[in-house]
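Here's the structure we're looking at; comments come further down.
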Amino acid sequence: VAADGDAMLQSGTSEIPGIVSSTIVPTPGVILFPPYEGITMHAAPTQSGGAALAWFANVLGKTPSDVSALAATTEPGSAIPLFLPHLQGERAPIWDGATRGTFARMDGRAGAPQLARAVLEGVAFSDRWAFEALQRSAGRAVSVANLGGGGSRSEPWSQIKADVLGFPLRRAAVPDSAALGAAILAGVGSGAMPTLHEAVQQLIRFDRTFEPNAALAGYYADKFGRYRELYAALKPFNDSY
């Protein structure tokens with residue numbers, strides 16, 4: 001992301017959503033980086049993205065890819081529990097070190113596939129909460145976000161994120177976004193590339209866009225509201241534990 005209005009979601013051990021915007025509306029929970037060559041980055045890093053998937057994969061004795069595939073065998077619906085991915089507290093936008101993870105609203109239909117999907121949805125809800133704060137901070141709505149990082153290789157998870165967020169996610173062809181970004185900066189610093197903007201235009205490619213399913217908008221809006229309610233309901237318990 002290098003131009004005003006560009007948005008990103010870096011999906012790694014944690015999730016790092018960001019928006020480039022010269023507009024600054026002070027917003028609790030958002031990190032604002034110093035401007036660089038006209039780029040003002042608003043960021044809202046969460047605590048647990050791929051870490052939640054890796055944790056659940058370890059519980060099942062499977063790989064993260066296996067868990068992603070397992071989640072893809074289920075459909076959204078009342079059989080999917082609600083999951084808070086606060087396994088080590090949460091960063092943006094709530095910055096609460098005492099909060100902890102939980103599964104809620106489980107019944108006898110909840111097996112490994114349903115729990116796997118709940119984990120992927122829970123991380124997507126953390127992204128949505130972060131992006132809500134970011135859009136206030138940046139003074140603009142996101143129309144599309146560039147998606148990178150190891151988590152972006154999971155197509156079921158990327159689709160869930162697009163459905164939860166309600167805007168398209170355009171996946172970078174090179175998943176190691178941080179390494180590619182470092183190479184771009186080295187190219188600019190050494191003079192091999194004239195400007196950062198031109199380097200980004202030349203070297204960044206996308207291999208797929210995940211479009212949100214409009215039919216699921218109401219389902220995920222309601223579930224996201226309950227996600228926030230669950231956090232608020234558990235906060236007194238977690239704070240006193």
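Residues in the structure tokens are numbered from 1 in each chain, the chains being A, B, ... in the order shown, and ligands are numbered from 1 in the order shown.
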Which of range 126-224 of chain A DSSP labels alpha helix (DSSP H), written as a PyMOL selection string: chain A and resi 126-138+155-165+177-190+196-203+217-224
Put those residues in a file: N, CA and C atoms, as a compact mmCIF listing (two decimals), in the first residue's frame.
# COMPACT_ATOMS: atom_id res chain seq x y z
N SER A 126 -12.19 -10.22 14.69
CA SER A 126 -11.18 -9.31 15.25
C SER A 126 -10.70 -8.34 14.17
N ASP A 127 -10.59 -8.82 12.92
CA ASP A 127 -10.24 -7.94 11.81
C ASP A 127 -11.31 -6.87 11.59
N ARG A 128 -12.56 -7.29 11.65
CA ARG A 128 -13.65 -6.33 11.43
C ARG A 128 -13.65 -5.25 12.49
N TRP A 129 -13.44 -5.63 13.73
CA TRP A 129 -13.40 -4.65 14.82
C TRP A 129 -12.25 -3.67 14.60
N ALA A 130 -11.10 -4.19 14.19
CA ALA A 130 -9.95 -3.32 13.93
C ALA A 130 -10.22 -2.39 12.75
N PHE A 131 -10.81 -2.91 11.70
CA PHE A 131 -11.09 -2.07 10.52
C PHE A 131 -12.14 -1.00 10.82
N GLU A 132 -13.08 -1.28 11.72
CA GLU A 132 -14.05 -0.25 12.09
C GLU A 132 -13.34 0.94 12.70
N ALA A 133 -12.39 0.67 13.61
CA ALA A 133 -11.62 1.75 14.22
C ALA A 133 -10.75 2.46 13.19
N LEU A 134 -10.14 1.69 12.30
CA LEU A 134 -9.27 2.27 11.28
C LEU A 134 -10.02 3.21 10.35
N GLN A 135 -11.21 2.82 9.95
CA GLN A 135 -11.97 3.66 9.03
C GLN A 135 -12.39 4.97 9.68
N ARG A 136 -12.65 4.94 10.98
CA ARG A 136 -12.89 6.20 11.69
C ARG A 136 -11.63 7.04 11.73
N SER A 137 -10.50 6.40 12.06
CA SER A 137 -9.23 7.11 12.17
C SER A 137 -8.81 7.74 10.85
N ALA A 138 -9.03 6.98 9.75
CA ALA A 138 -8.59 7.44 8.43
C ALA A 138 -9.61 8.33 7.74
N GLU A 155 -7.49 -20.34 1.31
CA GLU A 155 -8.59 -19.76 0.54
C GLU A 155 -9.91 -19.78 1.32
N PRO A 156 -10.22 -20.86 2.07
CA PRO A 156 -11.45 -20.79 2.89
C PRO A 156 -11.41 -19.65 3.90
N TRP A 157 -10.26 -19.45 4.53
CA TRP A 157 -10.15 -18.39 5.54
C TRP A 157 -10.24 -17.01 4.88
N SER A 158 -9.58 -16.84 3.74
CA SER A 158 -9.63 -15.56 3.04
C SER A 158 -11.06 -15.23 2.63
N GLN A 159 -11.82 -16.24 2.21
CA GLN A 159 -13.21 -15.99 1.84
C GLN A 159 -14.04 -15.62 3.06
N ILE A 160 -13.81 -16.31 4.18
CA ILE A 160 -14.53 -15.97 5.41
C ILE A 160 -14.23 -14.52 5.80
N LYS A 161 -12.98 -14.10 5.70
CA LYS A 161 -12.62 -12.73 6.04
C LYS A 161 -13.33 -11.73 5.14
N ALA A 162 -13.37 -12.00 3.85
CA ALA A 162 -14.07 -11.10 2.93
C ALA A 162 -15.55 -11.02 3.28
N ASP A 163 -16.16 -12.17 3.59
CA ASP A 163 -17.58 -12.19 3.95
C ASP A 163 -17.84 -11.41 5.23
N VAL A 164 -16.97 -11.56 6.22
CA VAL A 164 -17.14 -10.86 7.50
C VAL A 164 -16.89 -9.37 7.34
N LEU A 165 -15.86 -8.99 6.59
CA LEU A 165 -15.50 -7.59 6.43
C LEU A 165 -16.46 -6.83 5.52
N SER A 177 4.98 -10.96 2.28
CA SER A 177 4.87 -9.54 1.99
C SER A 177 5.96 -8.72 2.66
N ALA A 178 6.32 -9.10 3.89
CA ALA A 178 7.35 -8.33 4.60
C ALA A 178 8.70 -8.43 3.89
N ALA A 179 9.03 -9.63 3.41
CA ALA A 179 10.31 -9.79 2.69
C ALA A 179 10.30 -9.03 1.38
N LEU A 180 9.17 -9.07 0.67
CA LEU A 180 9.08 -8.33 -0.59
C LEU A 180 9.15 -6.82 -0.32
N GLY A 181 8.49 -6.38 0.74
CA GLY A 181 8.55 -4.96 1.09
C GLY A 181 9.97 -4.52 1.41
N ALA A 182 10.72 -5.38 2.12
CA ALA A 182 12.12 -5.06 2.43
C ALA A 182 12.94 -4.96 1.14
N ALA A 183 12.66 -5.85 0.19
CA ALA A 183 13.38 -5.80 -1.09
C ALA A 183 13.06 -4.52 -1.85
N ILE A 184 11.79 -4.10 -1.80
CA ILE A 184 11.39 -2.85 -2.46
C ILE A 184 12.13 -1.67 -1.84
N LEU A 185 12.19 -1.62 -0.50
CA LEU A 185 12.88 -0.53 0.18
C LEU A 185 14.37 -0.54 -0.16
N ALA A 186 14.95 -1.73 -0.24
CA ALA A 186 16.36 -1.83 -0.62
C ALA A 186 16.58 -1.33 -2.04
N GLY A 187 15.62 -1.65 -2.92
CA GLY A 187 15.72 -1.17 -4.30
C GLY A 187 15.66 0.33 -4.40
N VAL A 188 14.77 0.93 -3.61
CA VAL A 188 14.67 2.39 -3.60
C VAL A 188 15.91 3.01 -2.97
N GLY A 189 16.35 2.43 -1.84
CA GLY A 189 17.51 2.98 -1.13
C GLY A 189 18.80 2.90 -1.94
N SER A 190 18.92 1.86 -2.76
CA SER A 190 20.15 1.68 -3.55
C SER A 190 20.10 2.43 -4.88
N LEU A 196 9.38 4.92 -4.32
CA LEU A 196 8.65 3.83 -3.69
C LEU A 196 7.38 3.50 -4.46
N HIS A 197 6.67 4.53 -4.91
CA HIS A 197 5.41 4.31 -5.62
C HIS A 197 5.65 3.52 -6.91
N GLU A 198 6.68 3.87 -7.64
CA GLU A 198 6.98 3.16 -8.88
C GLU A 198 7.43 1.72 -8.61
N ALA A 199 8.19 1.53 -7.54
CA ALA A 199 8.63 0.18 -7.19
C ALA A 199 7.43 -0.71 -6.87
N VAL A 200 6.48 -0.17 -6.11
CA VAL A 200 5.28 -0.94 -5.76
C VAL A 200 4.51 -1.30 -7.02
N GLN A 201 4.35 -0.34 -7.92
CA GLN A 201 3.61 -0.59 -9.16
C GLN A 201 4.28 -1.68 -10.00
N GLN A 202 5.61 -1.70 -10.00
CA GLN A 202 6.34 -2.66 -10.83
C GLN A 202 6.39 -4.06 -10.24
N LEU A 203 6.47 -4.17 -8.91
CA LEU A 203 6.79 -5.45 -8.29
C LEU A 203 5.63 -6.17 -7.62
N ALA A 217 -24.20 -11.15 4.57
CA ALA A 217 -23.93 -9.87 5.26
C ALA A 217 -24.70 -9.76 6.56
N GLY A 218 -25.98 -10.09 6.55
CA GLY A 218 -26.80 -9.98 7.75
C GLY A 218 -26.37 -10.97 8.82
N TYR A 219 -26.06 -12.19 8.40
CA TYR A 219 -25.61 -13.22 9.34
C TYR A 219 -24.35 -12.76 10.07
N TYR A 220 -23.38 -12.25 9.31
CA TYR A 220 -22.12 -11.87 9.95
C TYR A 220 -22.24 -10.56 10.73
N ALA A 221 -23.11 -9.66 10.30
CA ALA A 221 -23.32 -8.43 11.07
C ALA A 221 -23.90 -8.76 12.45
N ASP A 222 -24.87 -9.66 12.47
CA ASP A 222 -25.46 -10.07 13.75
C ASP A 222 -24.45 -10.79 14.62
N LYS A 223 -23.67 -11.69 14.02
CA LYS A 223 -22.71 -12.47 14.80
C LYS A 223 -21.58 -11.58 15.31
N PHE A 224 -21.18 -10.58 14.52
CA PHE A 224 -20.15 -9.66 14.98
C PHE A 224 -20.65 -8.85 16.18
Nearby residues (only C-alpha atoms) at most 8 Å from range 227-235 of chain A, same-chain spacing under 2 positions excluded, as a PDB file with C-alpha atoms, in the first residue's frame:
ATOM      1  CA  LEU A  82     -18.735 -18.029  18.652  1.00  0.00           C
ATOM      2  CA  PHE A  83     -15.003 -17.857  19.319  1.00  0.00           C
ATOM      3  CA  LEU A  84     -12.972 -15.055  20.923  1.00  0.00           C
ATOM      4  CA  THR A  99      -9.102 -10.745  28.098  1.00  0.00           C
ATOM      5  CA  PHE A 125     -14.334 -10.697  13.611  1.00  0.00           C
ATOM      6  CA  LYS A 223     -22.713 -12.470  14.799  1.00  0.00           C
ATOM      7  CA  PHE A 224     -20.152  -9.659  14.979  1.00  0.00           C
ATOM      8  CA  GLY A 225     -22.484  -7.742  17.295  1.00  0.00           C
ATOM      9  CA  PHE A 237     -14.693 -12.020  34.908  1.00  0.00           C
ATOM     10  CA  ASN A 238     -11.362 -11.746  33.076  1.00  0.00           C
ATOM     11  CA  ASP A 239     -10.355  -8.561  34.862  1.00  0.00           C
TER      12      ASP A 239
END
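The nearest approach to Gly89 in chain A among the residues A:Gly101, A:Pro168, A:Gly18, A:Pro64, with only C-alpha atoms taken into account, belongs to A:Gly101.
In this comparison, which uses only C-alpha atoms, the residue of A:Ala124, A:Ala3, A:Val20, A:Met8 approaching Ala172 in chain A most closely is A:Met8.
Of the listed residues (A:Gly139, A:Gly148, A:Gly108, A:Pro81), A:Gly139 comes nearest to Asp4 in chain A; the distances count only C-alpha atoms.
Minimum atom-to-atom distances from A:Ser21, A:Arg91, A:Thr46, A:Ile80 to Pro34 in chain A were compared using only C-alpha atoms, and the lowest value belongs to A:Ser21.
Distances here use only C-alpha atoms; by that measure, the residue among A:Pro212, A:Pro113, A:Gly166, A:Pro26 closest to Ala57 in chain A is A:Pro113.
Across the structure, CA of Arg105 in chain A and CA of Glu90 in chain A are spaced 21.1 Å apart.
In this comparison, which uses only C-alpha atoms, the residue of A:Ala112, A:Asp6, A:Arg170, A:Asp207 approaching Val59 in chain A most closely is A:Ala112.
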Polymer residues at most 12 Å from Val67 in chain A, only C-alpha atoms, same-chain spacing of 6 or more positions, as a PyMOL selection string: chain A and resi 50+52-61+73-74+112-120+154+156-157
Per residue of range 38-148 of chain A within 12 Å of range 213-216 of chain A, note the shortest atom pair and the distance in Å to one decimal, counting only C-alpha atoms, and order the rows by chain and increasing residue number, as CSV.
residue,atom,partner,partner_atom,distance
A:Glu75,CA,A:Leu216,CA,10.8
A:Pro76,CA,A:Leu216,CA,8.3
A:Gly77,CA,A:Leu216,CA,9.9
Expected file: the selected residues, all heavy atoms, as a compact mmCIF listing (two decimals), in the first residue's frame:
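Output file selection12.txt follows:
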# COMPACT_ATOMS: atom_id res chain seq x y z
N GLU A 75 -20.88 -25.09 6.82
CA GLU A 75 -21.53 -23.88 6.32
C GLU A 75 -21.82 -22.93 7.47
O GLU A 75 -21.98 -23.38 8.61
CB GLU A 75 -22.83 -24.24 5.60
CG GLU A 75 -22.66 -25.10 4.36
CD GLU A 75 -21.95 -24.36 3.24
OE1 GLU A 75 -22.06 -23.12 3.17
OE2 GLU A 75 -21.28 -25.03 2.43
N PRO A 76 -21.90 -21.63 7.20
CA PRO A 76 -22.31 -20.69 8.25
C PRO A 76 -23.70 -21.06 8.78
O PRO A 76 -24.55 -21.53 8.03
CB PRO A 76 -22.34 -19.34 7.53
CG PRO A 76 -21.51 -19.52 6.32
CD PRO A 76 -21.66 -20.95 5.91
N GLY A 77 -23.90 -20.87 10.07
CA GLY A 77 -25.20 -21.20 10.65
C GLY A 77 -25.13 -21.33 12.15
O GLY A 77 -24.07 -21.12 12.77
Which of range 54-235 of chain A fall in strand (DSSP E or B), as a list in words: Leu82, Phe83, Leu84, Leu87, Gly89, Glu90, Asp96, Thr102, Phe103, Ala104, Ala145, Asn146, Leu147, Gly148, Leu169, Arg170, Arg171, Ala172, Phe206, Asp207, Arg208, Thr209 and Phe210 of chain A
Output N, CA, C and O atoms for every residue in that selection, as a PDB file, in the first residue's frame.
ATOM      1  N   LEU A  82     -19.404 -19.337  18.702  1.00  0.00           N
ATOM      2  CA  LEU A  82     -18.735 -18.029  18.652  1.00  0.00           C
ATOM      3  C   LEU A  82     -17.405 -18.158  19.385  1.00  0.00           C
ATOM      4  O   LEU A  82     -17.358 -18.697  20.498  1.00  0.00           O
ATOM      5  N   PHE A  83     -16.343 -17.692  18.754  1.00  0.00           N
ATOM      6  CA  PHE A  83     -15.003 -17.857  19.319  1.00  0.00           C
ATOM      7  C   PHE A  83     -14.325 -16.501  19.473  1.00  0.00           C
ATOM      8  O   PHE A  83     -14.243 -15.716  18.528  1.00  0.00           O
ATOM      9  N   LEU A  84     -13.843 -16.221  20.686  1.00  0.00           N
ATOM     10  CA  LEU A  84     -12.972 -15.055  20.923  1.00  0.00           C
ATOM     11  C   LEU A  84     -11.527 -15.526  20.827  1.00  0.00           C
ATOM     12  O   LEU A  84     -11.104 -16.379  21.613  1.00  0.00           O
ATOM     13  N   LEU A  87      -6.302 -15.440  22.982  1.00  0.00           N
ATOM     14  CA  LEU A  87      -5.551 -16.461  23.704  1.00  0.00           C
ATOM     15  C   LEU A  87      -4.442 -15.873  24.567  1.00  0.00           C
ATOM     16  O   LEU A  87      -4.026 -16.473  25.554  1.00  0.00           O
ATOM     17  N   GLY A  89      -4.589 -12.252  25.428  1.00  0.00           N
ATOM     18  CA  GLY A  89      -5.079 -10.886  25.441  1.00  0.00           C
ATOM     19  C   GLY A  89      -5.381 -10.426  24.019  1.00  0.00           C
ATOM     20  O   GLY A  89      -5.360 -11.200  23.075  1.00  0.00           O
ATOM     21  N   GLU A  90      -5.687  -9.141  23.878  1.00  0.00           N
ATOM     22  CA  GLU A  90      -5.967  -8.578  22.566  1.00  0.00           C
ATOM     23  C   GLU A  90      -5.353  -7.193  22.453  1.00  0.00           C
ATOM     24  O   GLU A  90      -5.304  -6.435  23.419  1.00  0.00           O
ATOM     25  N   ASP A  96      -6.398  -4.870  25.539  1.00  0.00           N
ATOM     26  CA  ASP A  96      -6.803  -5.468  26.803  1.00  0.00           C
ATOM     27  C   ASP A  96      -5.973  -6.728  27.046  1.00  0.00           C
ATOM     28  O   ASP A  96      -6.205  -7.777  26.439  1.00  0.00           O
ATOM     29  N   THR A 102     -12.379 -17.844  24.302  1.00  0.00           N
ATOM     30  CA  THR A 102     -13.464 -18.734  24.720  1.00  0.00           C
ATOM     31  C   THR A 102     -14.278 -19.168  23.519  1.00  0.00           C
ATOM     32  O   THR A 102     -14.333 -18.478  22.502  1.00  0.00           O
ATOM     33  N   PHE A 103     -14.906 -20.330  23.621  1.00  0.00           N
ATOM     34  CA  PHE A 103     -15.969 -20.746  22.715  1.00  0.00           C
ATOM     35  C   PHE A 103     -17.293 -20.512  23.440  1.00  0.00           C
ATOM     36  O   PHE A 103     -17.422 -20.833  24.621  1.00  0.00           O
ATOM     37  N   ALA A 104     -18.275 -19.986  22.741  1.00  0.00           N
ATOM     38  CA  ALA A 104     -19.586 -19.744  23.341  1.00  0.00           C
ATOM     39  C   ALA A 104     -20.678 -20.244  22.409  1.00  0.00           C
ATOM     40  O   ALA A 104     -20.478 -20.353  21.193  1.00  0.00           O
ATOM     41  N   ALA A 145      -9.182  -4.213   0.079  1.00  0.00           N
ATOM     42  CA  ALA A 145      -7.924  -4.260   0.842  1.00  0.00           C
ATOM     43  C   ALA A 145      -7.007  -5.292   0.225  1.00  0.00           C
ATOM     44  O   ALA A 145      -7.458  -6.352  -0.243  1.00  0.00           O
ATOM     45  N   ASN A 146      -5.712  -4.990   0.209  1.00  0.00           N
ATOM     46  CA  ASN A 146      -4.704  -5.930  -0.284  1.00  0.00           C
ATOM     47  C   ASN A 146      -4.360  -6.911   0.831  1.00  0.00           C
ATOM     48  O   ASN A 146      -4.069  -6.506   1.955  1.00  0.00           O
ATOM     49  N   LEU A 147      -4.362  -8.193   0.503  1.00  0.00           N
ATOM     50  CA  LEU A 147      -4.195  -9.262   1.482  1.00  0.00           C
ATOM     51  C   LEU A 147      -2.863  -9.966   1.264  1.00  0.00           C
ATOM     52  O   LEU A 147      -2.540 -10.352   0.135  1.00  0.00           O
ATOM     53  N   GLY A 148      -2.088 -10.133   2.338  1.00  0.00           N
ATOM     54  CA  GLY A 148      -0.810 -10.828   2.240  1.00  0.00           C
ATOM     55  C   GLY A 148      -0.541 -11.636   3.486  1.00  0.00           C
ATOM     56  O   GLY A 148      -1.350 -11.691   4.407  1.00  0.00           O
ATOM     57  N   LEU A 169     -11.087  -8.675  -0.837  1.00  0.00           N
ATOM     58  CA  LEU A 169      -9.687  -8.818  -0.448  1.00  0.00           C
ATOM     59  C   LEU A 169      -8.905  -9.272  -1.670  1.00  0.00           C
ATOM     60  O   LEU A 169      -9.187 -10.336  -2.235  1.00  0.00           O
ATOM     61  N   ARG A 170      -7.927  -8.467  -2.060  1.00  0.00           N
ATOM     62  CA  ARG A 170      -7.113  -8.748  -3.247  1.00  0.00           C
ATOM     63  C   ARG A 170      -5.784  -9.334  -2.779  1.00  0.00           C
ATOM     64  O   ARG A 170      -4.984  -8.655  -2.147  1.00  0.00           O
ATOM     65  N   ARG A 171      -5.566 -10.614  -3.098  1.00  0.00           N
ATOM     66  CA  ARG A 171      -4.430 -11.332  -2.534  1.00  0.00           C
ATOM     67  C   ARG A 171      -3.150 -11.116  -3.337  1.00  0.00           C
ATOM     68  O   ARG A 171      -3.125 -11.294  -4.562  1.00  0.00           O
ATOM     69  N   ALA A 172      -2.079 -10.772  -2.619  1.00  0.00           N
ATOM     70  CA  ALA A 172      -0.771 -10.622  -3.248  1.00  0.00           C
ATOM     71  C   ALA A 172      -0.251 -11.981  -3.684  1.00  0.00           C
ATOM     72  O   ALA A 172      -0.388 -12.976  -2.964  1.00  0.00           O
ATOM     73  N   PHE A 206      -1.063  -9.468  -8.030  1.00  0.00           N
ATOM     74  CA  PHE A 206      -2.144 -10.113  -7.286  1.00  0.00           C
ATOM     75  C   PHE A 206      -2.630 -11.333  -8.061  1.00  0.00           C
ATOM     76  O   PHE A 206      -2.667 -11.330  -9.293  1.00  0.00           O
ATOM     77  N   ASP A 207      -2.980 -12.401  -7.321  1.00  0.00           N
ATOM     78  CA  ASP A 207      -3.378 -13.629  -8.003  1.00  0.00           C
ATOM     79  C   ASP A 207      -4.844 -13.989  -7.844  1.00  0.00           C
ATOM     80  O   ASP A 207      -5.359 -14.853  -8.555  1.00  0.00           O
ATOM     81  N   ARG A 208      -5.540 -13.331  -6.892  1.00  0.00           N
ATOM     82  CA  ARG A 208      -6.958 -13.637  -6.726  1.00  0.00           C
ATOM     83  C   ARG A 208      -7.627 -12.546  -5.900  1.00  0.00           C
ATOM     84  O   ARG A 208      -6.997 -11.959  -5.013  1.00  0.00           O
ATOM     85  N   THR A 209      -8.895 -12.291  -6.191  1.00  0.00           N
ATOM     86  CA  THR A 209      -9.697 -11.388  -5.373  1.00  0.00           C
ATOM     87  C   THR A 209     -10.845 -12.180  -4.762  1.00  0.00           C
ATOM     88  O   THR A 209     -11.581 -12.880  -5.472  1.00  0.00           O
ATOM     89  N   PHE A 210     -10.994 -12.085  -3.453  1.00  0.00           N
ATOM     90  CA  PHE A 210     -12.082 -12.740  -2.727  1.00  0.00           C
ATOM     91  C   PHE A 210     -13.209 -11.729  -2.549  1.00  0.00           C
ATOM     92  O   PHE A 210     -13.056 -10.728  -1.841  1.00  0.00           O
TER      93      PHE A 210
END
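From CA of Pro28 in chain A back to CA of Gly12 in chain A, the distance works out to 23.5 Å.
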